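Undergrad: A single structure is presented below for examination.
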Amino acid sequence: MNTPVKKLRVATTSLAGCFGCHMSFLDIDERLLALVELIEFDRSPLTDIKTCGPCDIGIIEGGLCNAENVHVLREFRANCTTLIALGACAINGGLPAQRNHLALTTILEEVYHAQHGLVDGFIPNDPELPLPLNQVHPIHEVVKIDYFIPGCPPSADAIWKVLTDLLAGREPELGHGLIHYD
Amino acid sequence: MVSSLNMHKQYLDPILRHRSHNPNSLLQILIGAQEIYGFIHSDAIDYLSSALGLPRAMIEGVASFYSFLYLSPHGEYRVLFSDNITDRMQGNQDLMQSLCNQLWVEPGKASEDGLLWVNTTSCTGMCDQGPAMLVNNIAINRLTQDRIDRICELIREHVPVSDWPAEFFAIEDNIRRRDILLNSHFQAGSALKAAFIRAEAATAQASQGYVAHMIDPAGLDRAADATLQEIKISKLRGRGGAGFSTGMKWEFCRNANGDAHYVVCNADEGEPGTFKDRVLLNSYADLVFEGMTLCAYVIGAKKGFLYLRGEYRYLLEPLQAVLQRRREQNLLGRGILGQAEFEFDIEIHLGAGAYICGEESALIESLEGKRGTPRNRPPYPVTAGYLNQPTVVSNVETFASTSLISLHGGAWYASIGTENSSGSKLFSVSGDCDYPGIYEYPFGVTVAQVLADCGAKNTQAVQISGPSGMCIAAHEFDRRISFDDIPTAGAFMVFDQRRDMFEVARNFVHFFAHESCGFCTPCRVGTALLSNMMDKLNEGQGSPYDLAEIEKLDSLLQSMSHCGLGRTACNPVLHTLAKFRPAYECRLSHKEFVPAFDLDTALSQARRMTGRDDAGAHLEKNHDSK
């Protein structure tokens, strides 16, 4: 008679990212079957659950480019015991942060007013829409992050290694081969 | 376009001729070009590119590396305030603000009328007579409100810097304590004569013993061994901070094979709080040049360089005059003092505001006209230095000491100081004391002794050997300055009880972030992160988490950096954290992590552009997360 092992709850989300890190996560392929024996998903694009409940592990892809990103990140931090930054955008701002050397006002002006071919352009101001931040920020500048998995995207093996380390109660460590990018 | 090229050709051609169109002189050529034109014009780069056969990117790469070279117009007057912690303590920030207000400029931005540009720069080596500034790279000290007002007037009236009152440019030696080096009434040539007499005696002795090497065609080297022997007996160690045995360095270099050997004097005295080399070069240049000549005699070099930091540009002409006099006295050039085979001369190269060039391999890169990026070591310069030839690189004070050793003998020198640290050491004393200036002591003096002599009261801490050195707290003042206990390159900055040691460390951390050469990521990124972290603490956004991050960064910098700059960049933080932790803890105003910036302000531009002010257009401030 096996007592069922309590599964760890895991939440994932993509903020200002491209979902590439989530795709890489799915690249763990058949190991997903082993994984779901050990974990259950809370809020995640895989479950379509919209809000995050108390979780053991939260995985964040992407940086912060607007107010909604900040709300989601804070929700994850408040609910997850361990929070992981997954991939270059979460860690450094990545591609979206390329706008940081331009003023947001200049960008909005260019996109909605000045750009060739626009007729009566206006900047969307519906309260439903999250406002963009002046600059794109990596997530560790706004909340405390426990672990970082670098890569664009991090390889499936790297993600697998960190998750299995955490599930086994070990300090996660990426060996040489898993932080090698060429 | 063509006429612009012609204009640049006119002033570049004489510089190029003077430097023999040698690409290794690129940095010197760029410095010369800027002194005439005010900045390095894009067309000037094109012209230099074809004249020197160097790619444009290489020239721009060099020009953009050095703080004192500009690729865009920076105004008729380029005013740089020295921003060492000692300048800050003397009130440089208010003075800079006053100058900016009076002349309607912002720091870091050239004024629209092209009149001036104001900014800060790393320590200019005038800590005993600050606050200091450089105007068009010429040093002005002892700034006061009155002096700033007069400078504003001169700038407004477009008076050329060369016509400004001479008293502005007066620089004092401020020698407060003399020992063997500063007390020596040195006669130019006497140390060389002593070496030649020693060589003759050795040769005579050898001939009596019918030693085979008498007929060795390289007889000069053998004869010079007697002087090398004295240097080794003296147990002299390098005065630039690292303390490597000078005798061994000379011997390694002499024994290394190469097409030519070189002597380089490191006068890139960039460590904040250090200014002893400035005084030696100002008043004891013969001792220094003679030491270089002795080294050339021992290692068999024909050419030497003095690498003079850009901040000491005002010393260039006086030093060149000393060199010229020494040539006339037959102390440089061919057949020095009648030694037919002994030929040696010295060239002065200017730096252009790069602390990293004080690192010997970066200095050599810079001498070769390149960016001052440290090389991999080994090979060390003694086997592969300037142009990959065997090269001795030593500190100004080291060369000066070798002259004394040649004159008075190695045993005499070894009898002074301590067992492992022979001889005397110059300290550059500045900060909270009554008598800042140069103090020479035999090695082994206690910190307390120096403090008593310089009239320091209520001293909280002393930063010894600059930001990369050690911070010594009051309970350690009985420690001794020597290679066995507290090694030093010379800086001795005193902080009394009024000073906030966190601010001291923050100033030093900013210095390293500014001076990182950018070559390796741990240092380039690590020093910038460290200075952001210190700023975050300073702005009251710190939590214990940030302190832990700082400690992590420190160990990363120490273990992963390419050269000593990155490895020592965290020293100010490590030492003040260990000894003055309350100065940090009082800044940890939050228990939990908070962002370094205000999130609601981060939505300000979007609010303005959309006209929104609803609840969704705001973010809660400093939402404490777990």
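Chain labels run A, B, ... following the order of the structure tokens; each chain numbers its residues from 1, and ligands are numbered from 1 in the order shown.
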Do you know which residues are at most 10 Å from Ile138 of chain B counting only C-alpha atoms, after dropping those on the same chain fewer than 4 positions away, and could you put them as JSON, numbers by chain?
TA: {"B": [78, 79, 80, 133, 134, 161, 162, 169, 310, 311, 312, 313, 314, 315]}
Undergrad: Within 12 Å of chain B, which residues of chain A are there when counting only C-alpha atoms? Please give them as a VMD selection string.
TA: chain A and resid 64 to 71 73 to 83 103 to 110 112 to 113 122 to 146
Undergrad: Please produce an output containing N, CA and C atoms for each residue in the selection, written as a short mmCIF file (atom, residue, chain, number, x, y, z; two decimals), in the first residue's frame.
TA:
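Okay, this is what ended up in selection.cif:
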data_model
loop_
_atom_site.label_atom_id
_atom_site.label_comp_id
_atom_site.auth_asym_id
_atom_site.auth_seq_id
_atom_site.Cartn_x
_atom_site.Cartn_y
_atom_site.Cartn_z
N LEU A 64 9.91 42.65 -17.44
CA LEU A 64 8.77 43.48 -17.10
C LEU A 64 8.69 44.64 -18.07
N CYS A 65 7.61 44.68 -18.91
CA CYS A 65 7.50 45.84 -19.79
C CYS A 65 6.26 46.65 -19.50
N ASN A 66 5.32 46.12 -18.69
CA ASN A 66 4.15 46.94 -18.39
C ASN A 66 3.62 46.64 -16.99
N ALA A 67 2.59 47.40 -16.59
CA ALA A 67 2.07 47.31 -15.22
C ALA A 67 1.53 45.92 -14.93
N GLU A 68 0.90 45.30 -15.93
CA GLU A 68 0.32 43.98 -15.70
C GLU A 68 1.43 42.97 -15.36
N ASN A 69 2.57 43.07 -16.07
CA ASN A 69 3.71 42.20 -15.76
C ASN A 69 4.10 42.32 -14.29
N VAL A 70 4.08 43.55 -13.78
CA VAL A 70 4.45 43.77 -12.39
C VAL A 70 3.45 43.10 -11.46
N HIS A 71 2.15 43.25 -11.78
CA HIS A 71 1.12 42.62 -10.93
C HIS A 71 1.30 41.10 -10.91
N LEU A 73 3.96 39.32 -11.56
CA LEU A 73 5.20 38.95 -10.87
C LEU A 73 5.00 39.02 -9.36
N ARG A 74 4.35 40.07 -8.90
CA ARG A 74 4.11 40.20 -7.45
C ARG A 74 3.19 39.08 -6.95
N GLU A 75 2.21 38.70 -7.76
CA GLU A 75 1.32 37.61 -7.39
C GLU A 75 2.12 36.30 -7.22
N PHE A 76 3.03 36.07 -8.16
CA PHE A 76 3.87 34.87 -8.09
C PHE A 76 4.75 34.92 -6.85
N ARG A 77 5.36 36.08 -6.62
CA ARG A 77 6.27 36.17 -5.46
C ARG A 77 5.51 35.94 -4.15
N ALA A 78 4.30 36.45 -4.10
CA ALA A 78 3.52 36.32 -2.87
C ALA A 78 3.07 34.87 -2.65
N ASN A 79 2.96 34.08 -3.72
CA ASN A 79 2.40 32.74 -3.59
C ASN A 79 3.41 31.60 -3.69
N CYS A 80 4.58 31.87 -4.26
CA CYS A 80 5.53 30.78 -4.52
C CYS A 80 6.66 30.79 -3.51
N THR A 81 6.96 29.64 -2.97
CA THR A 81 8.07 29.55 -2.01
C THR A 81 9.39 29.82 -2.73
N THR A 82 9.55 29.18 -3.89
CA THR A 82 10.78 29.36 -4.66
C THR A 82 10.41 29.97 -6.01
N LEU A 83 11.12 31.06 -6.36
CA LEU A 83 10.82 31.72 -7.63
C LEU A 83 12.04 31.65 -8.54
N ALA A 103 13.37 56.98 -25.38
CA ALA A 103 12.37 57.39 -24.40
C ALA A 103 11.03 56.78 -24.81
N LEU A 104 10.27 56.32 -23.82
CA LEU A 104 8.96 55.72 -24.12
C LEU A 104 8.07 56.71 -24.87
N THR A 105 8.16 57.98 -24.47
CA THR A 105 7.34 59.00 -25.14
C THR A 105 7.67 59.04 -26.64
N THR A 106 8.94 58.96 -26.96
CA THR A 106 9.35 58.97 -28.38
C THR A 106 8.78 57.75 -29.10
N ILE A 107 8.82 56.60 -28.43
CA ILE A 107 8.34 55.37 -29.07
C ILE A 107 6.84 55.46 -29.34
N LEU A 108 6.08 55.87 -28.31
CA LEU A 108 4.63 55.96 -28.48
C LEU A 108 4.28 56.96 -29.56
N GLU A 109 4.97 58.07 -29.57
CA GLU A 109 4.76 59.12 -30.56
C GLU A 109 5.00 58.56 -31.97
N GLU A 110 6.09 57.85 -32.11
CA GLU A 110 6.47 57.32 -33.42
C GLU A 110 5.46 56.26 -33.89
N TYR A 112 2.27 55.63 -32.82
CA TYR A 112 0.84 55.95 -32.95
C TYR A 112 0.56 57.26 -33.65
N HIS A 113 1.57 58.15 -33.76
CA HIS A 113 1.31 59.45 -34.39
C HIS A 113 2.12 59.67 -35.65
N PHE A 122 -4.05 57.68 -32.62
CA PHE A 122 -4.08 58.14 -31.24
C PHE A 122 -3.52 57.03 -30.35
N ILE A 123 -3.01 57.41 -29.20
CA ILE A 123 -2.41 56.43 -28.30
C ILE A 123 -3.53 55.77 -27.50
N PRO A 124 -3.66 54.44 -27.57
CA PRO A 124 -4.76 53.76 -26.87
C PRO A 124 -4.76 54.11 -25.39
N ASN A 125 -5.93 54.46 -24.84
CA ASN A 125 -5.98 54.87 -23.43
C ASN A 125 -7.08 54.15 -22.67
N ASP A 126 -7.51 53.00 -23.17
CA ASP A 126 -8.55 52.23 -22.49
C ASP A 126 -8.01 51.73 -21.14
N PRO A 127 -8.75 51.95 -20.05
CA PRO A 127 -8.28 51.49 -18.73
C PRO A 127 -8.05 49.98 -18.67
N GLU A 128 -8.61 49.23 -19.60
CA GLU A 128 -8.38 47.78 -19.64
C GLU A 128 -6.94 47.45 -20.00
N LEU A 129 -6.29 48.38 -20.71
CA LEU A 129 -4.94 48.09 -21.22
C LEU A 129 -3.90 48.44 -20.17
N PRO A 130 -2.95 47.54 -19.94
CA PRO A 130 -1.87 47.89 -19.00
C PRO A 130 -0.95 48.94 -19.61
N LEU A 131 -0.51 49.88 -18.79
CA LEU A 131 0.40 50.92 -19.29
C LEU A 131 1.83 50.37 -19.37
N PRO A 132 2.55 50.73 -20.43
CA PRO A 132 3.96 50.31 -20.50
C PRO A 132 4.82 51.07 -19.49
N LEU A 133 5.83 50.40 -18.98
CA LEU A 133 6.79 51.04 -18.07
C LEU A 133 7.76 51.90 -18.88
N ASN A 134 8.32 52.92 -18.24
CA ASN A 134 9.29 53.79 -18.93
C ASN A 134 10.43 52.97 -19.53
N GLN A 135 10.85 51.94 -18.78
CA GLN A 135 11.91 51.06 -19.27
C GLN A 135 11.55 49.61 -18.97
N VAL A 136 12.11 48.70 -19.74
CA VAL A 136 11.92 47.27 -19.48
C VAL A 136 12.92 46.85 -18.40
N HIS A 137 12.44 46.13 -17.40
CA HIS A 137 13.32 45.71 -16.30
C HIS A 137 13.40 44.20 -16.19
N PRO A 138 14.57 43.67 -15.82
CA PRO A 138 14.64 42.26 -15.45
C PRO A 138 13.87 42.05 -14.14
N ILE A 139 13.39 40.84 -13.93
CA ILE A 139 12.47 40.66 -12.80
C ILE A 139 13.14 40.76 -11.43
N HIS A 140 14.45 40.48 -11.38
CA HIS A 140 15.09 40.55 -10.05
C HIS A 140 15.24 41.98 -9.55
N GLU A 141 14.96 42.96 -10.42
CA GLU A 141 15.02 44.34 -9.94
C GLU A 141 13.76 44.73 -9.18
N VAL A 142 12.72 43.88 -9.27
CA VAL A 142 11.45 44.24 -8.64
C VAL A 142 11.06 43.30 -7.50
N VAL A 143 11.38 42.02 -7.61
CA VAL A 143 11.17 41.11 -6.48
C VAL A 143 12.43 40.26 -6.28
N LYS A 144 12.51 39.61 -5.14
CA LYS A 144 13.64 38.74 -4.88
C LYS A 144 13.47 37.45 -5.70
N ILE A 145 14.50 37.04 -6.37
CA ILE A 145 14.47 35.82 -7.19
C ILE A 145 15.42 34.81 -6.57
N ASP A 146 14.97 33.57 -6.50
CA ASP A 146 15.81 32.57 -5.82
C ASP A 146 16.82 31.91 -6.77
#
Undergrad: With a distance cut-off of 10 Å and only C-alpha atoms, select the neighbouring residues of Glu200 of chain B, excluding the residue or stretch itself and same-chain residues fewer than 6 positions from it, and output the selection as a ChimeraX atom specification.
TA: /B:194,206,223-224,226
Undergrad: What does the file look like for those residues with C-alpha atoms, as a PDB file, in the first residue's frame?
TA:
ATOM      1  CA  ALA B 194      79.867  54.517  -8.884  1.00  0.00           C
ATOM      2  CA  ALA B 206      88.606  39.005 -12.670  1.00  0.00           C
ATOM      3  CA  ALA B 223      80.993  44.349 -15.789  1.00  0.00           C
ATOM      4  CA  ALA B 224      77.519  45.588 -14.984  1.00  0.00           C
ATOM      5  CA  ALA B 226      78.666  44.159  -9.992  1.00  0.00           C
TER       6      ALA B 226
END
Undergrad: Enumerate as a PyMOL selection string all residues of chain A assigned to alpha helix (DSSP H) by DSSP on the backbone, naming them with the chain letters and numbers the document uses.
TA: chain A and resi 20-26+31-38+67-79+88-92+104-109+156-167
Undergrad: Write the selection just made, keeping C-alpha atoms, as a PDB file, in the first residue's frame?
TA:
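File selection.pdb, as written:
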ATOM      1  CA  GLY A  20      10.276  30.326 -26.349  1.00  0.00           C
ATOM      2  CA  CYS A  21      11.346  29.326 -22.832  1.00  0.00           C
ATOM      3  CA  HIS A  22       8.030  27.528 -22.340  1.00  0.00           C
ATOM      4  CA  MET A  23       8.553  25.766 -25.683  1.00  0.00           C
ATOM      5  CA  SER A  24      11.982  24.721 -24.493  1.00  0.00           C
ATOM      6  CA  PHE A  25      10.379  23.448 -21.279  1.00  0.00           C
ATOM      7  CA  LEU A  26       8.102  21.233 -23.395  1.00  0.00           C
ATOM      8  CA  ARG A  31      10.220  13.234 -19.293  1.00  0.00           C
ATOM      9  CA  LEU A  32       7.026  15.297 -18.937  1.00  0.00           C
ATOM     10  CA  LEU A  33       5.285  12.021 -18.037  1.00  0.00           C
ATOM     11  CA  ALA A  34       7.726  11.401 -15.206  1.00  0.00           C
ATOM     12  CA  LEU A  35       7.397  15.028 -14.139  1.00  0.00           C
ATOM     13  CA  VAL A  36       3.603  15.010 -13.807  1.00  0.00           C
ATOM     14  CA  GLU A  37       3.937  12.113 -11.382  1.00  0.00           C
ATOM     15  CA  LEU A  38       5.842  14.475  -9.098  1.00  0.00           C
ATOM     16  CA  ALA A  67       2.074  47.312 -15.220  1.00  0.00           C
ATOM     17  CA  GLU A  68       0.324  43.980 -15.700  1.00  0.00           C
ATOM     18  CA  ASN A  69       3.712  42.197 -15.762  1.00  0.00           C
ATOM     19  CA  VAL A  70       4.454  43.770 -12.386  1.00  0.00           C
ATOM     20  CA  HIS A  71       1.119  42.619 -10.934  1.00  0.00           C
ATOM     21  CA  VAL A  72       1.639  39.035 -12.148  1.00  0.00           C
ATOM     22  CA  LEU A  73       5.200  38.947 -10.865  1.00  0.00           C
ATOM     23  CA  ARG A  74       4.107  40.203  -7.455  1.00  0.00           C
ATOM     24  CA  GLU A  75       1.321  37.606  -7.388  1.00  0.00           C
ATOM     25  CA  PHE A  76       3.870  34.868  -8.087  1.00  0.00           C
ATOM     26  CA  ARG A  77       6.269  36.174  -5.457  1.00  0.00           C
ATOM     27  CA  ALA A  78       3.521  36.319  -2.870  1.00  0.00           C
ATOM     28  CA  ASN A  79       2.400  32.737  -3.592  1.00  0.00           C
ATOM     29  CA  ALA A  88      17.565  35.850 -20.955  1.00  0.00           C
ATOM     30  CA  CYS A  89      14.558  38.221 -20.895  1.00  0.00           C
ATOM     31  CA  ALA A  90      13.673  37.440 -17.277  1.00  0.00           C
ATOM     32  CA  ILE A  91      17.308  37.767 -16.248  1.00  0.00           C
ATOM     33  CA  ASN A  92      18.462  40.768 -18.302  1.00  0.00           C
ATOM     34  CA  LEU A 104       8.962  55.717 -24.119  1.00  0.00           C
ATOM     35  CA  THR A 105       7.343  59.003 -25.137  1.00  0.00           C
ATOM     36  CA  THR A 106       9.348  58.974 -28.375  1.00  0.00           C
ATOM     37  CA  ILE A 107       8.341  55.370 -29.072  1.00  0.00           C
ATOM     38  CA  LEU A 108       4.630  55.957 -28.475  1.00  0.00           C
ATOM     39  CA  GLU A 109       4.763  59.122 -30.559  1.00  0.00           C
ATOM     40  CA  ALA A 156      15.301  21.475 -21.970  1.00  0.00           C
ATOM     41  CA  ASP A 157      18.082  19.627 -20.168  1.00  0.00           C
ATOM     42  CA  ALA A 158      18.946  22.719 -18.122  1.00  0.00           C
ATOM     43  CA  ILE A 159      15.321  23.208 -17.092  1.00  0.00           C
ATOM     44  CA  TRP A 160      15.007  19.495 -16.313  1.00  0.00           C
ATOM     45  CA  LYS A 161      18.180  19.584 -14.206  1.00  0.00           C
ATOM     46  CA  VAL A 162      16.995  22.510 -12.074  1.00  0.00           C
ATOM     47  CA  LEU A 163      13.526  21.030 -11.562  1.00  0.00           C
ATOM     48  CA  THR A 164      14.798  17.568 -10.666  1.00  0.00           C
ATOM     49  CA  ASP A 165      17.373  19.070  -8.283  1.00  0.00           C
ATOM     50  CA  LEU A 166      14.645  21.053  -6.547  1.00  0.00           C
ATOM     51  CA  LEU A 167      12.287  18.069  -6.432  1.00  0.00           C
TER      52      LEU A 167
END
Undergrad: Name the residues of chain A that fall into strand (DSSP E) according to DSSP on the backbone, using the chain letters and numbers of this document, as a PyMOL selection string.
TA: chain A and resi 8-14+39-41+55-61+64-66+80-86+132-137+147-149
Undergrad: Write the residues you've just listed into a file as a PDB file, in the first residue's frame, and include C-alpha atoms for each of them.
TA:
ATOM      1  CA  LEU A   8       4.668  19.828  -5.515  1.00  0.00           C
ATOM      2  CA  ARG A   9       2.608  22.663  -7.014  1.00  0.00           C
ATOM      3  CA  VAL A  10       4.293  24.537  -9.845  1.00  0.00           C
ATOM      4  CA  ALA A  11       3.124  27.738 -11.550  1.00  0.00           C
ATOM      5  CA  THR A  12       4.604  29.194 -14.728  1.00  0.00           C
ATOM      6  CA  THR A  13       4.049  32.356 -16.705  1.00  0.00           C
ATOM      7  CA  SER A  14       5.474  34.358 -19.573  1.00  0.00           C
ATOM      8  CA  ILE A  39       4.223  17.865  -9.666  1.00  0.00           C
ATOM      9  CA  GLU A  40       0.896  19.421 -10.444  1.00  0.00           C
ATOM     10  CA  PHE A  41       0.486  22.686 -12.309  1.00  0.00           C
ATOM     11  CA  CYS A  55       2.748  27.042  -4.849  1.00  0.00           C
ATOM     12  CA  ASP A  56       6.096  25.472  -4.116  1.00  0.00           C
ATOM     13  CA  ILE A  57       7.785  26.627  -7.302  1.00  0.00           C
ATOM     14  CA  GLY A  58       7.101  29.555  -9.629  1.00  0.00           C
ATOM     15  CA  ILE A  59       8.812  29.837 -13.013  1.00  0.00           C
ATOM     16  CA  ILE A  60       8.894  33.206 -14.764  1.00  0.00           C
ATOM     17  CA  GLU A  61       9.784  33.722 -18.391  1.00  0.00           C
ATOM     18  CA  LEU A  64       8.767  43.481 -17.104  1.00  0.00           C
ATOM     19  CA  CYS A  65       7.504  45.836 -19.786  1.00  0.00           C
ATOM     20  CA  ASN A  66       4.149  46.944 -18.392  1.00  0.00           C
ATOM     21  CA  CYS A  80       5.525  30.784  -4.522  1.00  0.00           C
ATOM     22  CA  THR A  81       8.074  29.548  -2.010  1.00  0.00           C
ATOM     23  CA  THR A  82      10.776  29.356  -4.664  1.00  0.00           C
ATOM     24  CA  LEU A  83      10.819  31.720  -7.632  1.00  0.00           C
ATOM     25  CA  ILE A  84      12.905  31.000 -10.727  1.00  0.00           C
ATOM     26  CA  ALA A  85      13.856  33.438 -13.502  1.00  0.00           C
ATOM     27  CA  LEU A  86      13.854  31.448 -16.733  1.00  0.00           C
ATOM     28  CA  PRO A 132       3.957  50.310 -20.500  1.00  0.00           C
ATOM     29  CA  LEU A 133       6.794  51.035 -18.073  1.00  0.00           C
ATOM     30  CA  ASN A 134       9.293  53.790 -18.929  1.00  0.00           C
ATOM     31  CA  GLN A 135      11.910  51.063 -19.273  1.00  0.00           C
ATOM     32  CA  VAL A 136      11.918  47.272 -19.481  1.00  0.00           C
ATOM     33  CA  HIS A 137      13.319  45.711 -16.298  1.00  0.00           C
ATOM     34  CA  TYR A 147      17.305  30.935  -8.925  1.00  0.00           C
ATOM     35  CA  PHE A 148      18.248  31.943 -12.448  1.00  0.00           C
ATOM     36  CA  ILE A 149      18.367  29.621 -15.480  1.00  0.00           C
TER      37      ILE A 149
END
Undergrad: So the first atom is atom CA of His261 of chain B and the second is atom CA of Leu16 of chain B; what is the distance between them in Å, to one decimal place?
TA: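 Separation between atom CA of His261 of chain B and atom CA of Leu16 of chain B: 25.2 Å.
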Undergrad: Residues near Val429 of chain B, anyone? I mean within 6 Å using only C-alpha atoms, not counting same-chain ones fewer than 3 positions away, as a PyMOL selection string.
TA: chain B and resi 436-437+492-493
Undergrad: So which one's closest to Ala296 of chain B, B:Arg334, B:Arg254, B:Arg309, B:Arg150? Using only C-alpha atoms, please.
TA: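 Using only C-alpha atoms, Ala296 of chain B sits closest to B:Arg254.
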Undergrad: Looking at only C-alpha atoms, which of B:Ser559, B:Thr402, B:Gln34, B:Asn84 is the one that sits closest to Thr227 of chain B?
TA: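 Looking at the shortest contact to Thr227 of chain B, the residue is B:Thr402.
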Undergrad: Atom CA of Arg170 of chain A and atom CA of Ser155 of chain A are how many Å apart?
TA: 19.8 Å
Undergrad: Please report the interatomic distance between atom CA of Leu15 of chain A and atom CA of Arg99 of chain A in Å with one decimal.
TA: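 Between atom CA of Leu15 of chain A and atom CA of Arg99 of chain A the gap is 16.0 Å.
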